[in-house]
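J.: First, the structure itself, so that you have it in front of you.
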Amino acid sequence: MRGMGNMQNMMKQMQKMQKKMQEAQEELGEKRLEGTAGGGMVTVVVSGHKEVLEVKIKEEVVDPEDIEMLQDLVLAAVNDAMKKADELANSTMGQFTKGLNLPGMF
């Protein structure tokens, strides 16, 4: 029965790919992405797993009279960093789905 050999081979390939995906996922967590706003007045650093690791705010942007602007800058910097984390995740994990043409899977 030739079909069994093919099936086992395919299972091995899947396991290999799963391991690679796991490694890529772990590597993502170690990546650091920086988002900025206000020309670098606010900087946010996130991991590839979208955890906020650092928030840096330059002193001159802190105005007790204008808390809203600071909030907007922090928000913009976080969104910038998250977008970069998304792009990195998509390009990192996309390589696994790109080459897949498994019959009956999609």
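Ligands are numbered from 1 in the order shown, chains are lettered A, B, ... in the order of the structure tokens, and residues start at 1 in each chain.
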Do you know which residues are at most 12 Å from Gly39 (chain A) counting only C-alpha atoms, after dropping those on the same chain fewer than 4 positions away, and could you put them as a list of chain:residue names?

T.: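 In the requested form, the answer reads A:Gly35, A:Thr43, A:Ile57, A:Lys58, A:Val61, A:Leu73, A:Ala76, A:Ala77.
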
J.: Quick check for you: according to DSSP on this backbone, which residues of region 27-100 of chain A are classed as helix (DSSP H, G or I)? Reply as an MDAnalysis selection string.

T.: chainID A and resid 27:30 59:61 67:98

J.: Quote the spacing between CA of Met7 (chain A) and CA of Thr92 (chain A) in Å to one decimal place.

T.: 27.4 Å

J.: To test your reading of the structure, identify every residue in chain A that backbone DSSP assigns to strand (DSSP E or B), and report it as a list of chain:residue names.

T.: A:Arg32, A:Leu33, A:Glu34, A:Gly35, A:Thr36, A:Ala37, A:Val42, A:Thr43, A:Val44, A:Val45, A:Val46, A:Ser47, A:Val52, A:Leu53, A:Glu54, A:Val55, A:Lys56, A:Ile57

J.: Within 12 Å of region 49-52 of chain A, counting only C-alpha atoms, which residues qualify if same-chain residues fewer than 5 places away don't, as a PyMOL selection string?

T.: chain A and resi 24-35+43-44+74-75+77-90+92

J.: Just write the chosen residues, N, CA, C and O atoms, as a short mmCIF file (atom, residue, chain, number, x, y, z; two decimals), in the first residue's frame.

T.:
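Written file, part-v3.cif:
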```cif
data_model
loop_
_atom_site.label_atom_id
_atom_site.label_comp_id
_atom_site.auth_asym_id
_atom_site.auth_seq_id
_atom_site.Cartn_x
_atom_site.Cartn_y
_atom_site.Cartn_z
N ALA A 24 9.55 30.00 15.17
CA ALA A 24 9.34 31.35 14.63
C ALA A 24 8.50 32.18 15.60
O ALA A 24 8.77 33.36 15.82
N GLN A 25 7.51 31.53 16.19
CA GLN A 25 6.63 32.19 17.16
C GLN A 25 7.45 32.65 18.37
O GLN A 25 7.27 33.76 18.85
N GLU A 26 8.35 31.80 18.84
CA GLU A 26 9.20 32.14 19.99
C GLU A 26 10.14 33.29 19.64
O GLU A 26 10.34 34.21 20.43
N GLU A 27 10.71 33.23 18.43
CA GLU A 27 11.61 34.30 17.98
C GLU A 27 10.87 35.63 17.92
O GLU A 27 11.43 36.68 18.23
N LEU A 28 9.62 35.58 17.50
CA LEU A 28 8.81 36.81 17.44
C LEU A 28 8.75 37.48 18.80
O LEU A 28 8.84 38.70 18.90
N GLY A 29 8.61 36.66 19.84
CA GLY A 29 8.51 37.19 21.19
C GLY A 29 9.77 37.92 21.63
O GLY A 29 9.72 38.77 22.51
N GLU A 30 10.88 37.57 21.01
CA GLU A 30 12.15 38.19 21.38
C GLU A 30 12.43 39.46 20.58
O GLU A 30 13.32 40.23 20.92
N LYS A 31 11.67 39.67 19.52
CA LYS A 31 11.86 40.87 18.69
C LYS A 31 11.36 42.11 19.43
O LYS A 31 10.42 42.04 20.21
N ARG A 32 11.98 43.23 19.16
CA ARG A 32 11.59 44.51 19.75
C ARG A 32 11.24 45.48 18.63
O ARG A 32 12.03 45.65 17.71
N LEU A 33 10.06 46.08 18.70
CA LEU A 33 9.63 47.02 17.68
C LEU A 33 9.30 48.34 18.36
O LEU A 33 8.70 48.37 19.42
N GLU A 34 9.68 49.41 17.69
CA GLU A 34 9.53 50.73 18.29
C GLU A 34 8.51 51.55 17.51
O GLU A 34 8.59 51.65 16.29
N GLY A 35 7.58 52.12 18.23
CA GLY A 35 6.62 53.04 17.62
C GLY A 35 6.87 54.41 18.21
O GLY A 35 7.21 54.54 19.37
N THR A 43 7.87 57.43 22.66
CA THR A 43 8.35 56.19 22.06
C THR A 43 7.78 55.02 22.85
O THR A 43 7.80 55.03 24.07
N VAL A 44 7.28 54.03 22.11
CA VAL A 44 6.75 52.83 22.74
C VAL A 44 7.47 51.63 22.12
O VAL A 44 7.60 51.55 20.91
N VAL A 74 0.72 59.14 23.09
CA VAL A 74 0.97 57.79 23.61
C VAL A 74 0.17 56.78 22.79
O VAL A 74 0.69 55.74 22.37
N LEU A 75 -1.08 57.11 22.54
CA LEU A 75 -1.94 56.24 21.75
C LEU A 75 -1.37 56.02 20.35
O LEU A 75 -1.29 54.89 19.86
N ALA A 77 1.74 56.36 19.37
CA ALA A 77 2.99 55.60 19.43
C ALA A 77 2.70 54.11 19.64
O ALA A 77 3.34 53.26 19.03
N VAL A 78 1.74 53.80 20.51
CA VAL A 78 1.37 52.40 20.76
C VAL A 78 0.84 51.78 19.47
O VAL A 78 1.24 50.68 19.07
N ASN A 79 -0.06 52.49 18.78
CA ASN A 79 -0.62 51.96 17.53
C ASN A 79 0.45 51.76 16.47
O ASN A 79 0.42 50.78 15.72
N ASP A 80 1.40 52.68 16.40
CA ASP A 80 2.51 52.57 15.45
C ASP A 80 3.32 51.31 15.74
O ASP A 80 3.62 50.52 14.83
N ALA A 81 3.64 51.09 17.01
CA ALA A 81 4.42 49.92 17.40
C ALA A 81 3.64 48.63 17.12
O ALA A 81 4.19 47.65 16.63
N MET A 82 2.34 48.64 17.43
CA MET A 82 1.51 47.44 17.21
C MET A 82 1.42 47.11 15.72
O MET A 82 1.42 45.94 15.34
N LYS A 83 1.32 48.15 14.90
CA LYS A 83 1.25 47.93 13.45
C LYS A 83 2.53 47.25 12.97
O LYS A 83 2.49 46.31 12.18
N LYS A 84 3.67 47.71 13.49
CA LYS A 84 4.95 47.10 13.11
C LYS A 84 5.01 45.65 13.59
O LYS A 84 5.54 44.79 12.89
N ALA A 85 4.47 45.40 14.79
CA ALA A 85 4.46 44.03 15.33
C ALA A 85 3.59 43.13 14.46
O ALA A 85 3.94 41.98 14.18
N ASP A 86 2.44 43.68 14.01
CA ASP A 86 1.55 42.92 13.11
C ASP A 86 2.25 42.58 11.80
O ASP A 86 2.16 41.45 11.32
N GLU A 87 2.90 43.58 11.23
CA GLU A 87 3.59 43.37 9.95
C GLU A 87 4.67 42.31 10.09
O GLU A 87 4.84 41.45 9.23
N LEU A 88 5.41 42.38 11.20
CA LEU A 88 6.47 41.40 11.44
C LEU A 88 5.87 40.00 11.59
O LEU A 88 6.35 39.05 11.00
N ALA A 89 4.80 39.90 12.36
CA ALA A 89 4.14 38.60 12.58
C ALA A 89 3.64 38.04 11.26
O ALA A 89 3.81 36.86 10.97
N ASN A 90 3.02 38.91 10.44
CA ASN A 90 2.49 38.45 9.16
C ASN A 90 3.59 37.97 8.23
O ASN A 90 3.45 36.94 7.58
N THR A 92 6.59 36.94 9.15
CA THR A 92 7.26 35.78 9.75
C THR A 92 6.40 34.53 9.60
O THR A 92 6.87 33.49 9.16
#
```

J.: List the neighbours of Glu59 (chain A) out to 10 Å using only C-alpha atoms; skip same-chain residues closer than 4 positions along the sequence, and give me the result as a PyMOL selection string.

T.: chain A and resi 41-42+63

J.: Between CA of Glu54 (chain A) and CA of Gly40 (chain A), what is the spacing in Å?

T.: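 Result for CA of Gly40 (chain A) versus CA of Glu54 (chain A): 13.8 Å, one decimal.
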